[in-house]
file model_24.cif (mmCIF, C-alpha atoms)
data_run
#
loop_
_atom_site.label_atom_id
_atom_site.label_comp_id
_atom_site.auth_asym_id
_atom_site.auth_seq_id
_atom_site.Cartn_x
_atom_site.Cartn_y
_atom_site.Cartn_z
CA MET J 1482 2.01 -26.97 -18.93
CA THR J 1483 2.78 -23.27 -19.13
CA THR J 1484 6.40 -22.35 -18.77
CA THR J 1485 8.21 -19.09 -19.10
CA GLN J 1486 11.65 -18.47 -20.44
CA HIS J 1487 13.30 -18.07 -17.07
CA GLN J 1488 12.21 -21.61 -16.15
CA HIS J 1489 14.53 -22.95 -18.82
CA THR J 1490 18.09 -23.74 -17.83
CA ASN J 1491 20.53 -24.92 -20.48
CA GLY J 1492 17.60 -25.05 -22.89
CA VAL J 1493 15.91 -27.62 -20.68
CA ASP J 1494 12.27 -26.94 -19.75
CA VAL J 1495 12.77 -27.63 -16.05
CA PRO J 1496 9.09 -27.61 -15.03
CA ALA J 1497 8.39 -30.08 -17.85
CA LEU J 1498 11.26 -32.24 -16.62
CA PHE J 1499 9.91 -32.41 -13.08
CA GLY J 1500 6.37 -32.70 -14.46
CA THR J 1501 7.40 -35.75 -16.48
CA ILE J 1502 8.89 -37.39 -13.41
CA ASP J 1503 5.71 -36.65 -11.43
CA ALA J 1504 3.53 -38.02 -14.23
CA VAL J 1505 5.53 -41.23 -14.36
CA ARG J 1506 5.45 -41.57 -10.59
CA ALA J 1507 1.64 -41.35 -10.78
CA ALA J 1508 1.36 -43.82 -13.69
CA PRO J 1509 4.49 -45.98 -13.88
CA GLU J 1510 3.18 -47.94 -16.87
CA ILE J 1511 3.77 -44.94 -19.16
CA ALA J 1512 7.50 -45.42 -18.57
CA ARG J 1513 7.54 -48.56 -20.71
CA PHE J 1514 9.14 -47.57 -24.01
CA GLN J 1515 10.13 -49.44 -27.13
CA PHE J 1516 12.65 -47.83 -29.46
CA ARG J 1517 13.20 -49.03 -33.02
CA ALA J 1518 15.58 -48.74 -35.93
CA GLN J 1519 15.22 -50.18 -39.43
CA THR J 1520 18.47 -50.82 -41.29
CA ARG J 1521 18.47 -51.34 -45.07
CA TRP J 1522 21.43 -52.63 -47.02
CA VAL J 1523 22.52 -50.30 -49.81
CA ASP J 1524 25.83 -51.42 -51.26
CA GLY J 1525 28.88 -53.20 -49.87
CA THR J 1526 29.42 -52.21 -46.26
CA TYR J 1527 27.24 -49.14 -46.77
CA ASN J 1528 23.74 -49.13 -45.26
CA ARG J 1529 21.05 -46.74 -44.16
CA THR J 1530 18.98 -46.84 -40.98
CA THR J 1531 15.61 -45.16 -40.61
CA ILE J 1532 14.51 -44.10 -37.13
CA ASP J 1533 10.92 -43.00 -36.85
CA THR J 1534 8.25 -44.48 -34.62
CA PHE J 1535 8.57 -45.55 -31.02
CA HIS J 1536 6.20 -46.61 -28.30
CA GLY J 1537 6.18 -44.61 -25.12
CA ALA J 1538 4.17 -42.45 -22.75
CA GLY J 1539 1.33 -44.90 -23.28
CA ALA J 1540 1.02 -44.44 -27.04
CA GLU J 1541 2.65 -44.97 -30.41
CA GLN J 1542 4.77 -41.93 -31.27
CA THR J 1543 5.74 -40.83 -34.77
CA ARG J 1544 8.24 -38.21 -35.84
CA THR J 1545 7.28 -35.46 -38.25
CA GLU J 1546 9.88 -36.93 -40.57
CA PRO J 1547 11.95 -40.08 -40.14
CA PHE J 1548 15.58 -39.63 -39.17
CA VAL J 1549 18.12 -41.33 -41.42
CA VAL J 1550 21.56 -42.45 -40.23
CA GLU J 1551 24.13 -44.02 -42.52
CA ALA J 1552 27.05 -46.34 -41.85
CA ASP J 1553 29.97 -47.65 -43.89
CA HIS J 1554 33.45 -49.00 -43.40
CA PRO J 1555 36.53 -46.92 -44.15
CA VAL J 1556 38.67 -47.78 -47.15
CA VAL J 1557 41.24 -49.61 -45.02
CA LEU J 1558 38.39 -51.92 -43.97
CA VAL J 1559 37.13 -52.59 -47.48
CA GLY J 1560 34.43 -49.92 -47.46
CA GLN J 1561 34.17 -46.59 -49.22
CA ASP J 1562 34.07 -44.34 -46.16
CA ARG J 1563 30.70 -42.81 -47.03
CA ALA J 1564 29.61 -42.65 -43.37
CA PRO J 1565 30.91 -43.50 -39.88
CA THR J 1566 31.59 -47.11 -39.01
CA PRO J 1567 29.03 -48.89 -36.83
CA ALA J 1568 31.65 -49.06 -34.07
CA GLU J 1569 31.99 -45.28 -34.16
CA HIS J 1570 28.21 -44.96 -34.02
CA LEU J 1571 28.32 -46.98 -30.82
CA LEU J 1572 30.81 -44.52 -29.31
CA GLN J 1573 28.60 -41.65 -30.46
CA ALA J 1574 25.55 -43.24 -28.81
CA LEU J 1575 27.49 -43.44 -25.56
CA GLY J 1576 28.79 -39.88 -25.71
CA SER J 1577 25.43 -38.41 -26.66
CA CYS J 1578 23.53 -40.32 -23.97
CA LEU J 1579 25.86 -39.12 -21.23
CA MET J 1580 25.68 -35.58 -22.65
CA SER J 1581 21.88 -35.40 -22.84
CA GLY J 1582 21.66 -36.68 -19.30
CA LEU J 1583 24.27 -34.24 -18.05
CA ALA J 1584 22.36 -31.26 -19.46
CA ASN J 1585 19.11 -32.41 -17.83
CA ILE J 1586 20.81 -32.99 -14.50
CA ALA J 1587 22.53 -29.61 -14.62
CA ALA J 1588 19.20 -27.93 -15.36
CA ALA J 1589 17.49 -29.76 -12.52
CA ARG J 1590 20.24 -28.54 -10.21
CA GLY J 1591 20.08 -25.00 -11.56
CA ILE J 1592 23.61 -25.06 -12.96
CA GLU J 1593 24.14 -23.05 -16.15
CA LEU J 1594 26.50 -24.87 -18.49
CA GLY J 1595 29.16 -23.36 -20.70
CA GLU J 1596 31.11 -25.45 -23.19
CA VAL J 1597 30.77 -29.16 -22.56
CA THR J 1598 32.50 -31.82 -24.62
CA ALA J 1599 33.05 -35.54 -24.30
CA ARG J 1600 35.77 -37.35 -26.16
CA VAL J 1601 35.04 -41.07 -26.54
CA GLU J 1602 37.74 -43.53 -27.56
CA GLY J 1603 37.48 -47.26 -28.08
CA ASP J 1604 40.34 -49.71 -28.58
CA ILE J 1605 39.66 -52.70 -30.76
CA ASP J 1606 41.85 -55.45 -32.15
CA LEU J 1607 40.42 -56.55 -35.49
CA LEU J 1608 42.03 -59.97 -35.22
CA GLY J 1609 38.70 -60.84 -33.58
CA ILE J 1610 36.23 -59.85 -36.27
CA LEU J 1611 38.59 -60.99 -39.01
CA GLY J 1612 38.52 -64.46 -37.50
CA LEU J 1613 42.30 -64.60 -37.17
CA ASP J 1614 42.57 -65.11 -33.42
CA GLU J 1615 39.81 -66.78 -31.45
CA SER J 1616 41.27 -65.43 -28.20
CA VAL J 1617 40.54 -61.84 -29.28
CA ARG J 1618 37.02 -60.55 -28.73
CA ASN J 1619 35.12 -58.99 -31.62
CA GLY J 1620 34.28 -55.75 -29.87
CA PHE J 1621 36.10 -52.99 -28.05
CA GLU J 1622 38.51 -54.07 -25.36
CA GLN J 1623 38.06 -50.83 -23.49
CA VAL J 1624 36.36 -47.50 -23.91
CA ARG J 1625 37.33 -44.17 -22.37
CA VAL J 1626 35.16 -41.08 -22.09
CA THR J 1627 36.79 -37.77 -21.18
CA PHE J 1628 34.50 -34.89 -20.35
CA HIS J 1629 35.45 -31.25 -20.27
CA VAL J 1630 32.79 -29.30 -18.45
CA GLN J 1631 32.49 -25.56 -18.08
CA GLY J 1632 29.66 -24.03 -16.11
CA GLU J 1633 28.55 -21.72 -13.36
CA ALA J 1634 29.45 -23.98 -10.46
CA GLU J 1635 32.41 -25.24 -8.52
CA ALA J 1636 34.61 -27.87 -10.11
CA ARG J 1637 33.33 -30.45 -7.66
CA GLU J 1638 29.72 -29.76 -8.64
CA LEU J 1639 30.55 -29.91 -12.35
CA ALA J 1640 32.32 -33.22 -11.90
CA SER J 1641 29.31 -34.48 -10.00
CA LEU J 1642 27.14 -33.84 -13.08
CA VAL J 1643 29.23 -36.29 -15.06
CA GLU J 1644 29.03 -38.87 -12.32
CA GLN J 1645 25.24 -38.58 -12.07
CA ALA J 1646 24.91 -38.73 -15.88
CA ARG J 1647 26.89 -41.98 -15.81
CA ARG J 1648 24.67 -43.36 -13.07
CA ARG J 1649 21.51 -42.66 -15.09
CA SER J 1650 22.58 -43.35 -18.67
CA ALA J 1651 20.71 -45.97 -20.67
CA VAL J 1652 23.50 -46.44 -23.19
CA TYR J 1653 26.26 -46.53 -20.57
CA ASP J 1654 24.32 -49.26 -18.77
CA VAL J 1655 23.92 -51.37 -21.91
CA VAL J 1656 27.49 -50.85 -23.09
CA THR J 1657 29.03 -51.73 -19.74
CA ARG J 1658 26.69 -54.50 -18.63
CA GLY J 1659 25.36 -55.94 -21.88
CA VAL J 1660 21.81 -56.86 -22.84
CA PRO J 1661 20.30 -60.02 -24.31
CA VAL J 1662 19.93 -59.65 -28.09
CA ALA J 1663 17.78 -62.08 -30.06
CA VAL J 1664 18.63 -62.26 -33.76
CA ASP J 1665 16.06 -63.82 -36.07
CA VAL J 1666 15.97 -64.16 -39.81
CA ALA J 1667 13.25 -64.55 -42.40
CA THR J 1668 14.39 -65.55 -45.87
CA ARG J 1669 11.85 -65.05 -48.62
CA MET I 582 45.82 -53.92 -55.89
CA THR I 583 44.15 -54.10 -59.29
CA THR I 584 40.60 -55.37 -59.38
CA THR I 585 38.06 -55.60 -62.13
CA GLN I 586 34.36 -55.09 -61.93
CA HIS I 587 33.46 -58.78 -61.97
CA GLN I 588 35.48 -59.29 -58.79
CA HIS I 589 32.95 -57.19 -56.92
CA THR I 590 30.00 -58.92 -55.32
CA ASN I 591 27.35 -56.84 -53.54
CA GLY I 592 29.58 -53.83 -54.09
CA VAL I 593 32.31 -55.49 -52.02
CA ASP I 594 35.80 -55.59 -53.51
CA VAL I 595 36.35 -59.26 -52.79
CA PRO I 596 40.07 -59.40 -53.67
CA ALA I 597 40.63 -56.40 -51.40
CA LEU I 598 38.69 -58.16 -48.64
CA PHE I 599 40.83 -61.28 -48.84
CA GLY I 600 43.92 -59.09 -49.36
CA THR I 601 43.17 -57.27 -46.14
CA ILE I 602 42.86 -60.52 -44.23
CA ASP I 603 46.15 -61.74 -45.70
CA ALA I 604 47.87 -58.46 -44.86
CA VAL I 605 46.70 -58.65 -41.25
CA ARG I 606 47.72 -62.29 -40.98
CA ALA I 607 51.23 -61.24 -42.08
CA ALA I 608 51.38 -58.24 -39.73
CA PRO I 609 48.86 -58.69 -36.90
CA GLU I 610 49.87 -55.41 -35.24
CA ILE I 611 48.09 -53.44 -37.99
CA ALA I 612 44.80 -54.85 -36.67
CA ARG I 613 44.98 -52.66 -33.58
CA PHE I 614 42.48 -49.86 -34.13
CA GLN I 615 41.24 -46.96 -32.05
CA PHE I 616 37.95 -45.35 -33.00
CA ARG I 617 36.88 -41.97 -31.64
CA ALA I 618 33.89 -39.69 -31.34
CA GLN I 619 33.73 -36.16 -29.97
CA THR I 620 30.39 -35.06 -28.56
CA ARG I 621 29.64 -31.38 -27.99
CA TRP I 622 26.67 -30.10 -26.02
CA VAL I 623 24.46 -27.72 -28.00
CA ASP I 624 21.23 -27.03 -26.13
CA GLY I 625 19.10 -29.02 -23.72
CA THR I 626 19.22 -32.69 -24.60
CA TYR I 627 20.45 -31.82 -28.08
CA ASN I 628 24.09 -32.47 -28.92
CA ARG I 629 26.36 -33.03 -31.89
CA THR I 630 29.07 -35.65 -32.32
CA THR I 631 31.95 -35.31 -34.74
CA ILE I 632 33.56 -38.48 -36.07
CA ASP I 633 36.76 -37.98 -38.00
CA THR I 634 40.13 -39.47 -37.20
CA PHE I 635 40.92 -43.00 -36.14
CA HIS I 636 44.03 -45.04 -35.68
CA GLY I 637 44.33 -48.22 -37.70
CA ALA I 638 46.29 -50.14 -40.29
CA GLY I 639 49.42 -48.88 -38.54
CA ALA I 640 48.74 -45.17 -39.01
CA GLU I 641 46.53 -42.24 -38.10
CA GLN I 642 43.64 -42.02 -40.54
CA THR I 643 41.64 -38.89 -41.33
CA ARG I 644 38.44 -38.52 -43.28
CA THR I 645 38.16 -36.08 -46.16
CA GLU I 646 35.48 -34.36 -44.10
CA PRO I 647 34.35 -35.14 -40.55
CA PHE I 648 31.04 -36.92 -40.15
CA VAL I 649 28.51 -35.25 -37.87
CA VAL I 650 25.81 -37.15 -36.00
CA GLU I 651 23.19 -35.44 -33.85
CA ALA I 652 21.12 -36.68 -30.93
CA ASP I 653 18.21 -35.31 -28.95
CA HIS I 654 15.32 -36.52 -26.82
CA PRO I 655 11.75 -36.58 -28.12
CA VAL I 656 9.24 -34.11 -26.73
CA VAL I 657 7.72 -36.71 -24.39
CA LEU I 658 11.20 -36.99 -22.84
CA VAL I 659 11.73 -33.25 -22.43
CA GLY I 660 13.68 -32.78 -25.64
CA GLN I 661 12.75 -31.13 -28.92
CA ASP I 662 13.03 -34.18 -31.18
CA ARG I 663 15.66 -32.62 -33.44
CA ALA I 664 17.51 -35.93 -33.89
CA PRO I 665 17.29 -39.60 -32.82
CA THR I 666 17.66 -40.44 -29.16
CA PRO I 667 21.01 -41.91 -28.05
CA ALA I 668 19.21 -45.19 -27.31
CA GLU I 669 17.99 -45.32 -30.91
CA HIS I 670 21.53 -44.61 -32.10
CA LEU I 671 22.65 -47.67 -30.13
CA LEU I 672 20.08 -49.80 -31.97
CA GLN I 673 21.24 -48.31 -35.25
CA ALA I 674 24.87 -49.14 -34.47
CA LEU I 675 23.83 -52.74 -33.85
CA GLY I 676 21.75 -53.04 -37.03
CA SER I 677 24.37 -51.41 -39.21
CA CYS I 678 27.23 -53.51 -37.83
CA LEU I 679 25.39 -56.75 -38.50
CA MET I 680 24.41 -55.47 -41.95
CA SER I 681 27.93 -54.42 -43.03
CA GLY I 682 29.24 -57.78 -41.88
CA LEU I 683 26.51 -59.69 -43.67
CA ALA I 684 27.32 -58.00 -46.98
CA ASN I 685 31.03 -58.79 -46.64
CA ILE I 686 30.34 -62.40 -45.73
CA ALA I 687 27.90 -62.82 -48.61
CA ALA I 688 30.49 -61.39 -51.00
CA ALA I 689 33.20 -63.69 -49.66
CA ARG I 690 30.85 -66.63 -50.26
CA GLY I 691 29.86 -65.41 -53.74
CA ILE I 692 26.22 -64.86 -52.82
CA GLU I 693 24.50 -61.97 -54.60
CA LEU I 694 22.16 -60.16 -52.25
CA GLY I 695 18.77 -58.66 -53.07
CA GLU I 696 16.83 -56.61 -50.56
CA VAL I 697 18.15 -57.00 -47.02
CA THR I 698 16.64 -55.28 -44.00
CA ALA I 699 17.07 -55.57 -40.27
CA ARG I 700 14.47 -54.28 -37.84
CA VAL I 701 15.92 -53.61 -34.40
CA GLU I 702 13.69 -53.14 -31.35
CA GLY I 703 14.68 -52.43 -27.78
CA ASP I 704 12.42 -52.50 -24.73
CA ILE I 705 13.24 -50.10 -21.93
CA ASP I 706 11.48 -49.11 -18.73
CA LEU I 707 12.30 -45.50 -17.96
CA LEU I 708 11.64 -45.98 -14.26
CA GLY I 709 15.35 -46.80 -14.22
CA ILE I 710 16.84 -43.64 -15.73
CA LEU I 711 14.23 -41.47 -14.03
CA GLY I 712 15.46 -42.78 -10.69
CA LEU I 713 11.99 -43.96 -9.66
CA ASP I 714 12.72 -47.66 -9.16
CA GLU I 715 16.17 -48.87 -8.20
CA SER I 716 15.25 -52.43 -9.23
CA VAL I 717 14.84 -51.34 -12.88
CA ARG I 718 17.99 -51.12 -14.95
CA ASN I 719 18.77 -47.94 -16.86
CA GLY I 720 19.23 -49.60 -20.24
CA PHE I 721 17.31 -51.89 -22.53
CA GLU I 722 15.90 -55.03 -20.93
CA GLN I 723 16.02 -56.88 -24.23
CA VAL I 724 16.76 -56.21 -27.86
CA ARG I 725 15.44 -58.05 -30.90
CA VAL I 726 16.86 -57.97 -34.42
CA THR I 727 14.75 -59.36 -37.27
CA PHE I 728 16.47 -59.77 -40.62
CA HIS I 729 14.73 -60.20 -43.94
CA VAL I 730 17.24 -61.44 -46.47
CA GLN I 731 16.74 -61.90 -50.19
CA GLY I 732 19.52 -63.23 -52.37
CA GLU I 733 20.70 -65.73 -54.91
CA ALA I 734 21.05 -68.68 -52.55
CA GLU I 735 18.98 -71.18 -50.67
CA ALA I 736 17.13 -70.04 -47.58
CA ARG I 737 19.51 -72.02 -45.39
CA GLU I 738 22.54 -70.25 -46.89
CA LEU I 739 20.91 -66.84 -46.50
CA ALA I 740 20.10 -67.54 -42.87
CA SER I 741 23.69 -68.65 -42.37
CA LEU I 742 24.88 -65.19 -43.45
CA VAL I 743 23.00 -63.64 -40.55
CA GLU I 744 24.42 -66.16 -38.12
CA GLN I 745 27.98 -65.53 -39.28
CA ALA I 746 27.45 -61.75 -39.18
CA ARG I 747 26.32 -62.13 -35.57
CA ARG I 748 29.38 -64.24 -34.77
CA ARG I 749 31.73 -61.57 -36.16
CA SER I 750 30.07 -58.32 -35.18
CA ALA I 751 31.98 -55.83 -33.04
CA VAL I 752 28.84 -54.00 -31.90
CA TYR I 753 26.86 -57.18 -31.20
CA ASP I 754 29.75 -58.35 -29.04
CA VAL I 755 29.87 -55.13 -27.02
CA VAL I 756 26.11 -54.83 -26.68
CA THR I 757 25.63 -58.42 -25.51
CA ARG I 758 28.76 -58.81 -23.38
CA GLY I 759 29.57 -55.30 -22.26
CA VAL I 760 32.91 -53.52 -22.15
CA PRO I 761 34.72 -51.60 -19.42
CA VAL I 762 34.10 -47.86 -19.83
CA ALA I 763 36.23 -45.35 -17.94
CA VAL I 764 34.61 -41.95 -17.51
CA ASP I 765 36.86 -39.05 -16.55
CA VAL I 766 36.17 -35.39 -16.20
CA ALA I 767 38.21 -32.23 -16.40
CA THR I 768 36.57 -29.06 -15.14
CA ARG I 769 38.19 -25.84 -16.17
#
call {"tool": "encode", "arguments": {"input": "model_24.cif", "output": "structure tokens"}}
result
Amino acid sequence: MTTTQHQHTNGVDVPALFGTIDAVRAAPEIARFQFRAQTRWVDGTYNRTTIDTFHGAGAEQTRTEPFVVEADHPVVLVGQDRAPTPAEHLLQALGSCLMSGLANIAAARGIELGEVTARVEGDIDLLGILGLDESVRNGFEQVRVTFHVQGEAEARELASLVEQARRRSAVYDVVTRGVPVAVDVATR
Amino acid sequence: MTTTQHQHTNGVDVPALFGTIDAVRAAPEIARFQFRAQTRWVDGTYNRTTIDTFHGAGAEQTRTEPFVVEADHPVVLVGQDRAPTPAEHLLQALGSCLMSGLANIAAARGIELGEVTARVEGDIDLLGILGLDESVRNGFEQVRVTFHVQGEAEARELASLVEQARRRSAVYDVVTRGVPVAVDVATR
């Protein structure tokens, strides 16, 4: 598809965006994706996850180079603080998913964005994961996302971008509604 | 607390681990944590999340330097593939949380680990987030985690580490059970 610079809004190739939706409408089976991550233990609470291939658009897809993401616990949680905690990565996944969606939606609506930030906070009582109180859940009790959106549109329209991003976010859906997770182990 | 090298198993400071649990048992209010992430839009589906301060152990905690995590969409999803997708970050958060927990549990049980990996896969039908089929959810339909665990213990004991990690994982809990997420917006 040929596009010209003025067809990009917010860095989003708008014709490609609508073209993708049209392509999927014509061949819904290409919308079936599988994403993957491979975590390797390094030392203590420190580990490294490689993100490379995925299946989607009807084919196996490979990155030019694998992405690497690290995790650790902070010192107060018996780690060495070499990377964000997994719980913080979860908040990041939520914030980034809403943000990517918001930029696409704004582009589709022809709204030029200015500065856009999302602060994500999660409250957690570690009595759960420490096994000290069975009435306390292991995960976050509640999560709050606060967007600040600047852009070339009325406040109502800018707020509507956040709402539509929430309505179409993969990570928001999983984090709020849950998903079945099968955990298997091979010992060798 | 003074520890010596032989009190470390798998790089985990085992006396500090049990000391932390004892400290929380004596003062449960220090177990209340708040984790945070701040996502900033950069360009198109590309954004950058800063992870720095958190509240926990009864005080505000700050890293020596903020961690930065990036996200983008791949080219087939109208991004430029500059970083993992948010959905992949979610899988990474799950794999890393189970892995950090497993290493702590193994250390507490005196089991020396060898190579440990976790492959995380998530199936998603993008008809949901593309708005093309209202009967398809936005998020993953199912997620699978496959651990390979080597270590100085019987296969049954190694498998039990995975099971206990699952039972005490903050991210597994959120991803399988969901959490309330409030999304607010300020337009300025």
call {"tool": "residues_around", "arguments": {"input": "model_24.cif", "residues": "region 1591-1594 of chain J", "least_positions_apart": "4", "cutoff": "7 Å", "atoms": "all atoms listed in the file", "output": "list in words"}}
result
Thr1490, Asn1491, Ala1587, Gln1631, Gly1632, Glu1633 and Ala1634 of chain J
call {"tool": "resolve_selection", "arguments": {"input": "model_24.cif", "expression": "the PyMOL selection byres ((chain J and resi 1573) around 12)", "output": "count of residues only"}}
result
53
call {"tool": "residues_around", "arguments": {"input": "model_24.cif", "residues": "Phe1621 (chain J)", "least_positions_apart": "2", "cutoff": "10 Å", "atoms": "all atoms listed in the file", "output": "PyMOL selection string"}}
result
(chain J and resi 1568+1602-1607+1609+1617-1619+1623-1624) or (chain I and resi 614-616+751-752+754-755+759-762)
call {"tool": "write_last_selection", "arguments": {"input": "model_24.cif", "atoms": "C-alpha atoms", "output": "JSON list (two decimals), in the coordinates of the input"}}
result
[["chain", "number", "residue", "atom", "x", "y", "z"],
["J", 1568, "ALA", "CA", 31.65, -49.06, -34.07],
["J", 1602, "GLU", "CA", 37.74, -43.53, -27.56],
["J", 1603, "GLY", "CA", 37.48, -47.26, -28.08],
["J", 1604, "ASP", "CA", 40.34, -49.71, -28.58],
["J", 1605, "ILE", "CA", 39.66, -52.70, -30.76],
["J", 1606, "ASP", "CA", 41.85, -55.45, -32.15],
["J", 1607, "LEU", "CA", 40.42, -56.55, -35.49],
["J", 1609, "GLY", "CA", 38.70, -60.84, -33.58],
["J", 1617, "VAL", "CA", 40.54, -61.84, -29.28],
["J", 1618, "ARG", "CA", 37.02, -60.55, -28.73],
["J", 1619, "ASN", "CA", 35.12, -58.99, -31.62],
["J", 1623, "GLN", "CA", 38.06, -50.83, -23.49],
["J", 1624, "VAL", "CA", 36.36, -47.50, -23.91],
["I", 614, "PHE", "CA", 42.48, -49.86, -34.13],
["I", 615, "GLN", "CA", 41.24, -46.96, -32.05],
["I", 616, "PHE", "CA", 37.95, -45.35, -33.00],
["I", 751, "ALA", "CA", 31.98, -55.83, -33.04],
["I", 752, "VAL", "CA", 28.84, -54.00, -31.90],
["I", 754, "ASP", "CA", 29.75, -58.35, -29.04],
["I", 755, "VAL", "CA", 29.87, -55.13, -27.02],
["I", 759, "GLY", "CA", 29.57, -55.30, -22.26],
["I", 760, "VAL", "CA", 32.91, -53.52, -22.15],
["I", 761, "PRO", "CA", 34.72, -51.60, -19.42],
["I", 762, "VAL", "CA", 34.10, -47.86, -19.83]]
call {"tool": "resolve_selection", "arguments": {"input": "model_24.cif", "expression": "the PyMOL selection byres ((chain J and resi 1539) around 12)", "output": "list in words"}}
result
Ala1504, Val1505, Ala1508, Pro1509, Glu1510, Ile1511, Ala1512, Arg1513, Phe1514, Gln1515, Phe1535, His1536, Gly1537, Ala1538, Ala1540, Glu1541 and Gln1542 of chain J; Val657 and Asp706 of chain I
call {"tool": "residues_around", "arguments": {"input": "model_24.cif", "residues": "Gln1561 (chain J)", "least_positions_apart": "6", "cutoff": "9 Å", "atoms": "all atoms listed in the file", "output": "PDB file with C-alpha atoms, in the coordinates of the input"}}
result
ATOM      1  CA  GLY J1525      28.880 -53.200 -49.870  1.00  0.00           C
ATOM      2  CA  THR J1526      29.420 -52.210 -46.260  1.00  0.00           C
ATOM      3  CA  TYR J1527      27.240 -49.140 -46.770  1.00  0.00           C
ATOM      4  CA  ASP J1553      29.970 -47.650 -43.890  1.00  0.00           C
ATOM      5  CA  HIS J1554      33.450 -49.000 -43.400  1.00  0.00           C
ATOM      6  CA  PRO J1555      36.530 -46.920 -44.150  1.00  0.00           C
TER       7      PRO J1555
END
call {"tool": "closest_residue", "arguments": {"input": "model_24.cif", "among": "J:Ser1641, J:Ser1616, J:Thr1534, J:Thr1598", "to": "chain I", "atoms": "only C-alpha atoms"}}
result
J:Thr1598
call {"tool": "closest_residue", "arguments": {"input": "model_24.cif", "among": "J:Val1597, J:Val1493, J:Val1666, J:Leu1613", "to": "Trp622 (chain I)", "atoms": "all atoms listed in the file"}}
result
J:Val1597
call {"tool": "atom_distance", "arguments": {"input": "model_24.cif", "atom1": "CA of Ala763 (chain I)", "atom2": "CA of Glu1644 (chain J)"}}
result
11.2 Å
call {"tool": "decode", "arguments": {"input": "model_24.cif", "residues": "region 1615-1649 of chain J", "atoms": "C-alpha atoms", "output": "PDB file, in the first residue's frame"}}
result
ATOM      1  CA  GLU J1615      -5.392 -16.777  53.485  1.00  0.00           C
ATOM      2  CA  SER J1616      -8.140 -14.147  53.293  1.00  0.00           C
ATOM      3  CA  VAL J1617      -5.860 -11.800  51.334  1.00  0.00           C
ATOM      4  CA  ARG J1618      -5.582 -12.386  47.601  1.00  0.00           C
ATOM      5  CA  ASN J1619      -2.155 -12.739  46.002  1.00  0.00           C
ATOM      6  CA  GLY J1620      -2.637 -10.067  43.381  1.00  0.00           C
ATOM      7  CA  PHE J1621      -3.618  -6.426  43.222  1.00  0.00           C
ATOM      8  CA  GLU J1622      -6.756  -5.463  45.093  1.00  0.00           C
ATOM      9  CA  GLN J1623      -7.392  -2.567  42.764  1.00  0.00           C
ATOM     10  CA  VAL J1624      -5.711  -0.764  39.916  1.00  0.00           C
ATOM     11  CA  ARG J1625      -6.156   2.852  38.848  1.00  0.00           C
ATOM     12  CA  VAL J1626      -5.168   4.374  35.526  1.00  0.00           C
ATOM     13  CA  THR J1627      -5.092   8.156  35.199  1.00  0.00           C
ATOM     14  CA  PHE J1628      -4.681   9.583  31.724  1.00  0.00           C
ATOM     15  CA  HIS J1629      -3.648  13.099  30.885  1.00  0.00           C
ATOM     16  CA  VAL J1630      -4.434  13.797  27.257  1.00  0.00           C
ATOM     17  CA  GLN J1631      -3.508  16.831  25.228  1.00  0.00           C
ATOM     18  CA  GLY J1632      -4.550  17.130  21.612  1.00  0.00           C
ATOM     19  CA  GLU J1633      -6.257  19.124  18.917  1.00  0.00           C
ATOM     20  CA  ALA J1634      -9.812  18.397  19.968  1.00  0.00           C
ATOM     21  CA  GLU J1635     -12.355  19.314  22.578  1.00  0.00           C
ATOM     22  CA  ALA J1636     -11.966  17.877  26.050  1.00  0.00           C
ATOM     23  CA  ARG J1637     -14.991  15.669  25.492  1.00  0.00           C
ATOM     24  CA  GLU J1638     -13.463  14.171  22.348  1.00  0.00           C
ATOM     25  CA  LEU J1639     -10.122  13.598  24.066  1.00  0.00           C
ATOM     26  CA  ALA J1640     -11.824  11.857  26.963  1.00  0.00           C
ATOM     27  CA  SER J1641     -13.709   9.728  24.470  1.00  0.00           C
ATOM     28  CA  LEU J1642     -10.384   8.435  23.111  1.00  0.00           C
ATOM     29  CA  VAL J1643      -9.553   6.998  26.513  1.00  0.00           C
ATOM     30  CA  GLU J1644     -12.955   5.404  26.802  1.00  0.00           C
ATOM     31  CA  GLN J1645     -12.698   3.787  23.367  1.00  0.00           C
ATOM     32  CA  ALA J1646      -9.143   2.591  24.123  1.00  0.00           C
ATOM     33  CA  ARG J1647     -10.490   0.916  27.269  1.00  0.00           C
ATOM     34  CA  ARG J1648     -13.289  -0.702  25.285  1.00  0.00           C
ATOM     35  CA  ARG J1649     -10.834  -2.208  22.782  1.00  0.00           C
TER      36      ARG J1649
END
